[in-house]
$ cat protein_27.tsv   # TSV, C-alpha atoms and all ligand atoms
chain	number	residue	atom	x	y	z
A	25	MET	CA	-19.91	-10.17	-15.48
A	26	ALA	CA	-23.30	-8.70	-16.15
A	27	LYS	CA	-23.28	-5.74	-13.82
A	28	ASP	CA	-24.55	-2.58	-15.48
A	29	GLY	CA	-21.83	-0.58	-17.13
A	30	ILE	CA	-19.26	-3.35	-17.07
A	31	GLY	CA	-20.56	-5.76	-19.69
A	32	ASP	CA	-19.22	-9.26	-20.25
A	33	GLU	CA	-15.75	-10.62	-19.57
A	34	PHE	CA	-14.46	-9.49	-22.96
A	35	ASP	CA	-15.72	-5.95	-22.44
A	36	LEU	CA	-14.11	-5.90	-19.02
A	37	ILE	CA	-10.75	-7.06	-20.31
A	38	ALA	CA	-10.85	-4.66	-23.24
A	39	ARG	CA	-11.80	-1.71	-21.07
A	40	TYR	CA	-9.71	-2.19	-17.95
A	41	PHE	CA	-6.87	-4.60	-18.66
A	42	ALA	CA	-5.91	-4.49	-22.34
A	43	PRO	CA	-4.53	-0.92	-21.95
A	44	LEU	CA	-2.17	-2.29	-19.31
A	45	ALA	CA	-0.53	-4.55	-21.91
A	46	ALA	CA	0.38	-1.65	-24.16
A	47	GLY	CA	4.05	-1.77	-23.20
A	48	ALA	CA	4.46	-5.40	-24.24
A	49	PRO	CA	4.13	-6.21	-27.96
A	50	GLY	CA	4.25	-9.93	-27.10
A	51	ALA	CA	1.02	-9.55	-25.12
A	52	LEU	CA	-0.76	-9.02	-28.46
A	53	GLY	CA	-3.25	-6.67	-26.82
A	54	LEU	CA	-4.55	-9.56	-24.69
A	55	THR	CA	-6.51	-10.76	-27.72
A	56	ASP	CA	-4.70	-14.08	-28.29
A	57	ASP	CA	-4.60	-17.32	-26.33
A	58	ALA	CA	-1.17	-16.72	-24.84
A	59	ALA	CA	1.60	-14.16	-24.72
A	60	ILE	CA	5.09	-14.25	-26.18
A	61	VAL	CA	8.00	-13.22	-23.94
A	62	ASP	CA	11.33	-12.17	-25.37
A	63	LEU	CA	14.42	-12.86	-23.29
A	64	ALA	CA	17.84	-11.42	-24.02
A	65	GLN	CA	20.66	-13.71	-25.14
A	66	GLY	CA	22.10	-15.53	-22.17
A	67	GLU	CA	19.12	-15.12	-19.87
A	68	ARG	CA	16.97	-17.63	-18.01
A	69	LEU	CA	13.29	-17.23	-17.14
A	70	VAL	CA	12.33	-16.98	-13.45
A	71	ALA	CA	8.66	-17.51	-12.54
A	72	ALA	CA	6.77	-16.87	-9.31
A	73	ALA	CA	3.05	-17.03	-8.43
A	74	ASP	CA	1.19	-15.86	-5.38
A	75	ALA	CA	-2.52	-15.49	-4.59
A	76	LEU	CA	-4.32	-13.05	-2.32
A	77	VAL	CA	-7.83	-13.53	-0.91
A	78	ALA	CA	-9.94	-10.73	0.56
A	79	GLY	CA	-10.36	-11.16	4.29
A	80	ILE	CA	-7.20	-13.27	4.56
A	81	HIS	CA	-4.36	-11.41	2.85
A	82	PHE	CA	-5.89	-7.96	2.63
A	83	LEU	CA	-8.99	-6.29	3.99
A	84	ALA	CA	-11.98	-6.27	1.67
A	85	ASP	CA	-12.51	-2.54	2.12
A	86	ASP	CA	-8.86	-1.60	1.49
A	87	PRO	CA	-8.55	0.97	-1.31
A	88	PRO	CA	-8.71	-0.92	-4.65
A	89	GLY	CA	-5.48	0.74	-5.86
A	90	ASP	CA	-3.68	-0.58	-2.79
A	91	ILE	CA	-5.03	-4.09	-3.39
A	92	ALA	CA	-3.71	-3.92	-6.96
A	93	ALA	CA	-0.33	-2.74	-5.68
A	94	LYS	CA	-0.18	-5.56	-3.16
A	95	ILE	CA	-0.85	-8.38	-5.63
A	96	VAL	CA	1.79	-6.97	-7.97
A	97	ARG	CA	4.36	-6.25	-5.28
A	98	VAL	CA	4.23	-9.49	-3.29
A	99	ASN	CA	5.00	-11.28	-6.54
A	100	LEU	CA	7.72	-8.88	-7.67
A	101	SER	CA	9.23	-9.33	-4.22
A	102	ASP	CA	9.66	-13.03	-4.98
A	103	LEU	CA	11.49	-12.10	-8.18
A	104	ALA	CA	13.64	-9.69	-6.17
A	105	ALA	CA	14.62	-12.50	-3.81
A	106	MET	CA	15.99	-14.43	-6.80
A	107	GLY	CA	17.82	-11.45	-8.26
A	108	ALA	CA	15.55	-11.34	-11.31
A	109	ARG	CA	14.45	-8.35	-13.34
A	110	PRO	CA	10.71	-8.37	-14.14
A	111	VAL	CA	9.62	-9.03	-17.73
A	112	GLY	CA	5.86	-9.37	-17.36
A	113	MET	CA	2.91	-10.60	-15.32
A	114	LEU	CA	-0.22	-12.72	-15.80
A	115	MET	CA	-3.14	-12.11	-13.46
A	116	THR	CA	-6.23	-14.19	-12.80
A	117	ALA	CA	-8.97	-12.41	-10.91
A	118	VAL	CA	-12.18	-13.79	-9.40
A	119	PHE	CA	-14.30	-10.68	-8.92
A	120	PRO	CA	-17.40	-10.70	-6.71
A	121	ARG	CA	-20.53	-10.41	-8.84
A	122	ASP	CA	-21.37	-7.02	-7.33
A	123	VAL	CA	-18.05	-5.40	-8.29
A	124	THR	CA	-18.63	-1.89	-9.57
A	125	ALA	CA	-17.18	0.02	-12.49
A	126	ASP	CA	-15.69	2.56	-10.07
A	127	TRP	CA	-13.92	-0.16	-8.11
A	128	LEU	CA	-12.53	-1.74	-11.29
A	129	GLU	CA	-11.39	1.64	-12.56
A	130	ALA	CA	-9.46	2.36	-9.35
A	131	PHE	CA	-8.02	-1.16	-9.32
A	132	ALA	CA	-6.84	-0.82	-12.94
A	133	GLN	CA	-5.28	2.56	-12.14
A	134	GLY	CA	-3.34	0.96	-9.29
A	135	LEU	CA	-2.14	-1.80	-11.60
A	136	LYS	CA	-1.12	0.74	-14.23
A	137	ALA	CA	0.96	2.75	-11.78
A	138	ASP	CA	2.94	-0.31	-10.70
A	139	ILE	CA	3.30	-1.70	-14.20
A	140	GLU	CA	5.02	1.55	-15.09
A	141	ALA	CA	6.99	1.87	-11.85
A	142	PHE	CA	8.46	-1.61	-12.11
A	143	ALA	CA	8.55	-1.97	-15.92
A	144	SER	CA	6.52	-5.16	-15.69
A	145	PRO	CA	3.62	-5.18	-18.17
A	146	LEU	CA	0.46	-7.25	-17.83
A	147	ILE	CA	0.77	-9.85	-20.60
A	148	GLY	CA	-2.14	-12.17	-19.87
A	149	GLY	CA	-4.46	-13.81	-17.39
A	150	ASP	CA	-8.16	-14.34	-16.90
A	151	THR	CA	-11.11	-12.66	-15.22
A	152	VAL	CA	-14.17	-14.48	-13.90
A	153	ALA	CA	-17.09	-13.65	-11.63
A	154	GLY	CA	-17.55	-15.66	-8.45
A	155	ASP	CA	-19.75	-15.89	-5.37
A	156	GLY	CA	-16.84	-15.84	-2.92
A	157	PRO	CA	-14.48	-13.08	-1.80
A	158	LEU	CA	-12.29	-11.17	-4.24
A	159	THR	CA	-9.45	-13.55	-5.12
A	160	LEU	CA	-6.38	-12.57	-7.11
A	161	SER	CA	-3.59	-14.75	-8.43
A	162	LEU	CA	-0.62	-13.27	-10.20
A	163	THR	CA	2.26	-14.95	-11.97
A	164	ALA	CA	5.34	-12.77	-12.28
A	165	LEU	CA	7.94	-13.58	-14.91
A	166	GLY	CA	11.50	-12.39	-14.61
A	167	ALA	CA	14.92	-12.95	-16.11
A	168	VAL	CA	18.38	-13.60	-14.71
A	169	PRO	CA	21.73	-14.06	-16.47
A	170	LEU	CA	22.35	-17.75	-17.34
A	171	ASP	CA	25.22	-18.16	-14.92
A	172	LYS	CA	23.72	-16.29	-11.96
A	173	VAL	CA	20.80	-16.63	-9.58
A	174	LEU	CA	20.13	-16.03	-5.90
A	175	THR	CA	18.49	-18.86	-3.96
A	176	ARG	CA	17.76	-19.83	-0.37
A	177	SER	CA	20.31	-22.62	-0.42
A	178	GLY	CA	23.63	-20.84	-0.74
A	179	ALA	CA	24.27	-19.63	2.83
A	180	LYS	CA	27.63	-20.69	4.32
A	181	ALA	CA	28.88	-20.65	7.92
A	182	GLY	CA	30.56	-17.32	8.57
A	183	ASP	CA	28.32	-15.32	6.20
A	184	GLY	CA	26.92	-12.10	7.59
A	185	ILE	CA	23.10	-12.00	7.73
A	186	TYR	CA	21.57	-8.75	6.48
A	187	VAL	CA	18.09	-7.35	6.05
A	188	SER	CA	16.98	-4.38	3.97
A	189	GLY	CA	14.85	-1.50	5.21
A	190	THR	CA	12.95	-2.11	8.44
A	191	VAL	CA	11.33	-5.21	9.91
A	192	GLY	CA	7.98	-5.66	11.64
A	193	ASP	CA	6.07	-2.83	10.00
A	194	GLY	CA	3.80	-5.15	8.00
A	195	ALA	CA	2.69	-7.22	10.99
A	196	LEU	CA	2.22	-4.13	13.17
A	197	GLY	CA	0.31	-2.45	10.33
A	198	LEU	CA	-2.16	-5.34	10.22
A	199	ILE	CA	-2.69	-5.03	13.99
A	200	ALA	CA	-3.04	-1.26	13.70
A	201	ALA	CA	-5.60	-1.62	10.90
A	202	GLY	CA	-7.55	-4.23	12.83
A	203	GLY	CA	-8.08	-2.34	16.06
A	204	GLY	CA	-5.16	-0.13	16.71
A	205	ILE	CA	-2.18	-0.15	19.01
A	206	ALA	CA	-2.79	1.63	22.29
A	207	GLY	CA	-0.61	4.70	22.75
A	208	LEU	CA	0.40	4.96	19.09
A	209	GLY	CA	-0.05	8.31	17.35
A	210	ALA	CA	-2.04	8.72	14.13
A	211	GLU	CA	1.03	9.37	11.98
A	212	ALA	CA	2.81	6.19	13.11
A	213	ARG	CA	-0.39	4.23	12.75
A	214	ASP	CA	-0.92	5.40	9.16
A	215	TYR	CA	2.70	4.63	8.29
A	216	LEU	CA	2.43	1.05	9.56
A	217	ILE	CA	-0.89	0.44	7.82
A	218	GLY	CA	0.63	1.78	4.60
A	219	ARG	CA	3.54	-0.63	4.94
A	220	TYR	CA	1.09	-3.52	5.37
A	221	ARG	CA	-1.04	-2.52	2.40
A	222	VAL	CA	1.65	-1.46	-0.05
A	223	PRO	CA	4.93	-3.38	0.16
A	224	ARG	CA	8.09	-2.19	-1.59
A	225	PRO	CA	9.70	-4.96	-3.63
A	226	ARG	CA	13.49	-4.63	-3.46
A	227	LEU	CA	14.16	-5.42	-7.12
A	228	ASP	CA	17.24	-3.21	-7.54
A	229	LEU	CA	18.78	-4.72	-4.44
A	230	GLY	CA	18.14	-8.28	-5.62
A	231	ILE	CA	19.82	-7.64	-8.96
A	232	ARG	CA	22.88	-6.15	-7.26
A	233	LEU	CA	23.06	-9.06	-4.82
A	234	LEU	CA	23.55	-11.52	-7.70
A	235	ASP	CA	27.27	-10.73	-7.53
A	236	VAL	CA	27.50	-10.32	-3.77
A	237	GLY	CA	25.09	-12.54	-1.82
A	238	ASN	CA	25.27	-16.27	-1.10
A	239	ALA	CA	21.56	-16.67	-0.31
A	240	ALA	CA	18.41	-14.54	-0.20
A	241	ILE	CA	14.70	-14.68	0.59
A	242	ASP	CA	12.01	-12.05	0.93
A	243	VAL	CA	10.47	-11.62	4.38
A	244	SER	CA	6.87	-12.69	3.86
A	245	ASP	CA	6.31	-15.32	6.58
A	246	GLY	CA	8.28	-13.44	9.25
A	247	LEU	CA	11.94	-12.78	9.94
A	248	LEU	CA	12.58	-15.93	11.99
A	249	ALA	CA	10.54	-18.20	9.75
A	250	ASP	CA	12.18	-16.89	6.58
A	251	LEU	CA	15.67	-17.09	8.09
A	252	GLY	CA	14.71	-20.64	9.04
A	253	HIS	CA	13.95	-21.35	5.36
A	254	ILE	CA	17.44	-20.18	4.40
A	255	CYS	CA	18.99	-22.32	7.16
A	256	ASP	CA	16.99	-25.41	6.16
A	257	CYS	CA	17.80	-25.07	2.49
A	258	SER	CA	21.46	-24.29	3.15
A	259	GLY	CA	22.06	-26.93	5.85
A	260	ALA	CA	23.25	-24.24	8.23
A	261	GLY	CA	22.24	-22.45	11.42
A	262	ALA	CA	22.12	-18.80	12.39
A	263	ARG	CA	22.75	-16.48	15.29
A	264	ILE	CA	21.00	-13.11	15.38
A	265	ARG	CA	20.62	-10.22	17.81
A	266	VAL	CA	17.26	-8.52	18.36
A	267	ALA	CA	19.05	-5.25	19.19
A	268	SER	CA	20.45	-5.21	15.62
A	269	ILE	CA	17.07	-5.62	13.90
A	270	PRO	CA	16.25	-2.36	12.12
A	271	LEU	CA	12.95	-0.77	13.17
A	272	SER	CA	11.11	2.17	11.67
A	273	ALA	CA	10.36	5.10	13.96
A	274	ALA	CA	6.72	3.97	13.94
A	275	ALA	CA	7.57	0.38	14.91
A	276	ARG	CA	9.87	1.66	17.63
A	277	ALA	CA	7.03	3.78	18.99
A	278	ALA	CA	4.71	0.76	18.88
A	279	VAL	CA	7.05	-1.54	20.85
A	280	SER	CA	7.78	1.28	23.29
A	281	ALA	CA	4.05	1.60	23.90
A	282	ASP	CA	3.62	-2.17	24.17
A	283	SER	CA	6.70	-4.40	24.56
A	284	GLY	CA	4.40	-7.38	24.11
A	285	LEU	CA	4.56	-6.58	20.38
A	286	TRP	CA	8.19	-7.75	20.10
A	287	PRO	CA	7.22	-11.28	19.01
A	288	LYS	CA	5.40	-9.68	16.06
A	289	ILE	CA	8.64	-8.01	14.95
A	290	LEU	CA	10.41	-11.36	14.71
A	291	GLY	CA	7.47	-13.59	13.89
A	292	GLY	CA	5.02	-11.48	11.90
A	293	GLY	CA	5.19	-11.34	8.14
A	294	ASP	CA	4.31	-9.06	5.24
A	295	ASP	CA	7.46	-6.94	5.31
A	296	TYR	CA	8.73	-7.94	1.86
A	297	GLU	CA	12.22	-6.80	2.68
A	298	LEU	CA	15.14	-8.93	1.49
A	299	LEU	CA	16.96	-11.12	4.01
A	300	PHE	CA	20.31	-12.22	2.61
A	301	THR	CA	23.70	-13.62	3.52
A	302	VAL	CA	27.07	-12.33	2.36
A	303	PRO	CA	30.53	-13.88	2.79
A	304	ALA	CA	32.95	-11.94	4.99
A	305	ASP	CA	35.20	-10.86	2.11
A	306	ARG	CA	32.30	-9.06	0.38
A	307	THR	CA	31.13	-7.04	3.37
A	308	GLY	CA	32.35	-3.83	1.74
A	309	ALA	CA	30.13	-4.44	-1.28
A	310	VAL	CA	27.07	-4.36	0.99
A	311	SER	CA	27.94	-0.82	2.10
A	312	ASP	CA	28.47	0.18	-1.53
A	313	ILE	CA	25.05	-1.15	-2.52
A	314	ALA	CA	23.37	0.56	0.44
A	315	ALA	CA	24.94	3.87	-0.57
A	316	ALA	CA	24.08	3.42	-4.26
A	317	LEU	CA	20.42	2.61	-3.55
A	318	GLY	CA	19.96	4.94	-0.58
A	319	LEU	CA	18.63	1.92	1.29
A	320	ASP	CA	19.57	0.77	4.79
A	321	LEU	CA	21.10	-2.72	4.81
A	322	SER	CA	21.51	-3.87	8.40
A	323	ARG	CA	23.67	-6.72	9.63
A	324	ILE	CA	21.64	-8.68	12.18
A	325	GLY	CA	23.79	-11.77	12.72
A	326	GLU	CA	25.86	-14.56	11.23
A	327	VAL	CA	25.33	-17.92	9.60
A	328	THR	CA	26.65	-20.73	11.81
A	329	ALA	CA	27.75	-24.29	11.20
A	330	GLY	CA	25.12	-25.64	13.57
A	331	GLU	CA	21.39	-25.86	13.05
A	332	GLY	CA	18.47	-23.77	14.27
A	333	ILE	CA	18.44	-20.07	15.05
A	334	GLU	CA	19.94	-18.71	18.23
A	335	VAL	CA	18.62	-15.30	19.32
A	336	GLU	CA	21.44	-13.98	21.49
A	337	ASP	CA	19.59	-11.30	23.40
A	338	ALA	CA	16.05	-12.76	23.39
A	339	GLN	CA	15.56	-12.36	27.14
A	340	ASP	CA	16.40	-8.63	26.95
A	341	PHE	CA	13.25	-8.18	24.87
A	342	GLY	CA	10.98	-10.54	26.78
A	343	LEU	CA	11.07	-13.03	23.95
A	344	GLU	CA	11.50	-16.25	25.96
A	345	LEU	CA	7.83	-16.99	25.41
A	346	LEU	CA	7.93	-16.54	21.66
A	347	ASP	CA	5.42	-18.78	19.92
A	348	PRO	CA	6.97	-22.27	19.97
A	349	GLY	CA	5.40	-22.75	16.54
A	350	TYR	CA	8.53	-21.05	15.30
A	351	ARG	CA	10.50	-24.23	15.71
A	352	HIS	CA	13.78	-22.57	14.78
A	353	PHE	CA	13.72	-20.38	17.80
A	354	ARG	CA	16.18	-21.62	20.43
B	1	MG	MG	9.00	-15.21	-1.05

$ encode --input "protein_27.tsv" --output "structure tokens"
Amino acid sequence: MAKDGIGDEFDLIARYFAPLAAGAPGALGLTDDAAIVDLAQGERLVAAADALVAGIHFLADDPPGDIAAKIVRVNLSDLAAMGARPVGMLMTAVFPRDVTADWLEAFAQGLKADIEAFASPLIGGDTVAGDGPLTLSLTALGAVPLDKVLTRSGAKAGDGIYVSGTVGDGALGLIAAGGGIAGLGAEARDYLIGRYRVPRPRLDLGIRLLDVGNAAIDVSDGLLADLGHICDCSGAGARIRVASIPLSAAARAAVSADSGLWPKILGGGDDYELLFTVPADRTGAVSDIAAALGLDLSRIGEVTAGEGIEVEDAQDFGLELLDPGYRHFR
């Protein structure tokens, strides 16, 4: 890092990133070789890491604050899927050599906002300069009670299958950002692009599901693919109904304008909602959680004793030709 006004790596860390560790005494001001993480009695550490590369996972000219939010939130979403509360994050960044002080300032501000919003301080990492695209890797650390955790492998035949929020916005947002969706108004377009750029990790939901859910995953690869992961890990099948999949007003407008977008609702990714299964005798608890969080939790189907995913009403939505790459689709 030799760009004017930024200085070397140590200057950069001291200026932009050390202030972000202020909430974590164990981070030692990012001056030591490693950080110390305190867990409460009776807790286990949960760790998740995810990388984002400009041009692949976000657009290089996205606002820097949004890029910061995305690297934080996709990782916190993985903690949410396990029912963990965040305790801290380590970030390694490969910045292009021409990165500017203004860009770094806006990026650090975005990090700061999310560190505060999710009570997850930056406790370490590394920054280097590279010749390739901006590349970010973040490791999120979380904690769960010793005797509890949510995984992909706990689904049982007869469980209800639920998803939080709305599905398909992320994938439609990427399409909208790339060239637009014909017939879609500016407000809907901006909403979808915002959902793609800035996911909302469902941490509070994950923690509450520790006592209620049998299995959970966050929707990052796509609804069908992620449900397929639960089925594979649980040795079960699933039956879902497209008509039950919750859509935002913007996504509804998009598929009304172009019904050919339906495969993106089921197969696109980047929603970062939680997909989870709940045994029949705890159905009431799902309503209680939805009310407590002010968050829609929609039942979209059931876990079955078979294998693969049956989409009951696929033909009603013109989904017979869904990409066969989604091998779970029957
Ligand atoms: Mg995940």

$ closest_residue --input "protein_27.tsv" --among "A:Leu100, A:Ala92, A:Val236, A:Ala117" --to "Ala137 in chain A" --atoms "only C-alpha atoms"
A:Ala92

$ closest_residue --input "protein_27.tsv" --among "A:Pro145, A:Gly318, A:Gly107, A:Gly50" --to "ligand MG 1 (chain B)" --atoms "all atoms listed in the file"
A:Gly107

$ residues_around --input "protein_27.tsv" --residues "range 294-300 of chain A" --least-positions-apart "5" --cutoff "8 Å" --atoms "only C-alpha atoms" --output "ChimeraX atom specification"
/A:98,101,104-105,185-195,219-220,223-226,230,237-247,250-251

$ write_last_selection --input "protein_27.tsv" --atoms "C-alpha atoms" --output "mmCIF file, in the coordinates of the input"
data_model
loop_
_atom_site.group_PDB
_atom_site.id
_atom_site.type_symbol
_atom_site.label_atom_id
_atom_site.label_comp_id
_atom_site.auth_asym_id
_atom_site.auth_seq_id
_atom_site.Cartn_x
_atom_site.Cartn_y
_atom_site.Cartn_z
ATOM 1 C CA VAL A 98 4.230 -9.490 -3.290
ATOM 2 C CA SER A 101 9.230 -9.330 -4.220
ATOM 3 C CA ALA A 104 13.640 -9.690 -6.170
ATOM 4 C CA ALA A 105 14.620 -12.500 -3.810
ATOM 5 C CA ILE A 185 23.100 -12.000 7.730
ATOM 6 C CA TYR A 186 21.570 -8.750 6.480
ATOM 7 C CA VAL A 187 18.090 -7.350 6.050
ATOM 8 C CA SER A 188 16.980 -4.380 3.970
ATOM 9 C CA GLY A 189 14.850 -1.500 5.210
ATOM 10 C CA THR A 190 12.950 -2.110 8.440
ATOM 11 C CA VAL A 191 11.330 -5.210 9.910
ATOM 12 C CA GLY A 192 7.980 -5.660 11.640
ATOM 13 C CA ASP A 193 6.070 -2.830 10.000
ATOM 14 C CA GLY A 194 3.800 -5.150 8.000
ATOM 15 C CA ALA A 195 2.690 -7.220 10.990
ATOM 16 C CA ARG A 219 3.540 -0.630 4.940
ATOM 17 C CA TYR A 220 1.090 -3.520 5.370
ATOM 18 C CA PRO A 223 4.930 -3.380 0.160
ATOM 19 C CA ARG A 224 8.090 -2.190 -1.590
ATOM 20 C CA PRO A 225 9.700 -4.960 -3.630
ATOM 21 C CA ARG A 226 13.490 -4.630 -3.460
ATOM 22 C CA GLY A 230 18.140 -8.280 -5.620
ATOM 23 C CA GLY A 237 25.090 -12.540 -1.820
ATOM 24 C CA ASN A 238 25.270 -16.270 -1.100
ATOM 25 C CA ALA A 239 21.560 -16.670 -0.310
ATOM 26 C CA ALA A 240 18.410 -14.540 -0.200
ATOM 27 C CA ILE A 241 14.700 -14.680 0.590
ATOM 28 C CA ASP A 242 12.010 -12.050 0.930
ATOM 29 C CA VAL A 243 10.470 -11.620 4.380
ATOM 30 C CA SER A 244 6.870 -12.690 3.860
ATOM 31 C CA ASP A 245 6.310 -15.320 6.580
ATOM 32 C CA GLY A 246 8.280 -13.440 9.250
ATOM 33 C CA LEU A 247 11.940 -12.780 9.940
ATOM 34 C CA ASP A 250 12.180 -16.890 6.580
ATOM 35 C CA LEU A 251 15.670 -17.090 8.090
#

$ closest_residue --input "protein_27.tsv" --among "A:Ala249, A:Ile264, A:Leu285, A:Ala132" --to "ligand MG 1 (chain B)" --atoms "only C-alpha atoms and all ligand atoms"
A:Ala249

$ atom_distance --input "protein_27.tsv" --atom1 "CA of Ile199 in chain A" --atom2 "CA of Gln339 in chain A"
23.7 Å

$ atom_distance --input "protein_27.tsv" --atom1 "CA of Pro303 in chain A" --atom2 "CA of Asn99 in chain A"
27.3 Å

$ closest_residue --input "protein_27.tsv" --among "A:Thr55, A:Ser161, A:Thr301, A:Ser322" --to "Gly184 in chain A" --atoms "only C-alpha atoms"
A:Thr301

$ atom_distance --input "protein_27.tsv" --atom1 "CA of Val123 in chain A" --atom2 "CA of Asp155 in chain A"
11.0 Å

$ residues_around --input "protein_27.tsv" --residues "Leu76 in chain A" --least-positions-apart "4" --cutoff "9 Å" --atoms "all atoms listed in the file" --output "PyMOL selection string"
chain A and resi 80-82+94-95+158-162

$ closest_residue --input "protein_27.tsv" --among "A:Glu331, A:Glu336, A:Asp32, A:Asp74" --to "ligand MG 1 (chain B)" --atoms "all atoms listed in the file"
A:Asp74

$ closest_residue --input "protein_27.tsv" --among "A:Ala201, A:Ile313, A:Ala75, A:Leu290" --to "Phe341 in chain A" --atoms "all atoms listed in the file"
A:Leu290

$ residues_around --input "protein_27.tsv" --residues "Gly178 in chain A" --least-positions-apart "2" --cutoff "8 Å" --atoms "only C-alpha atoms" --output "MDAnalysis selection string"
chainID A and resid 174:176 180 238:239 257:258

$ residues_around --input "protein_27.tsv" --residues "Gly112 in chain A" --least-positions-apart "2" --cutoff "12 Å" --atoms "only C-alpha atoms" --output "count of residues only"
43

$ residues_around --input "protein_27.tsv" --residues "Pro88 in chain A" --least-positions-apart "2" --cutoff "8 Å" --atoms "all atoms listed in the file" --output "count of residues only"
10
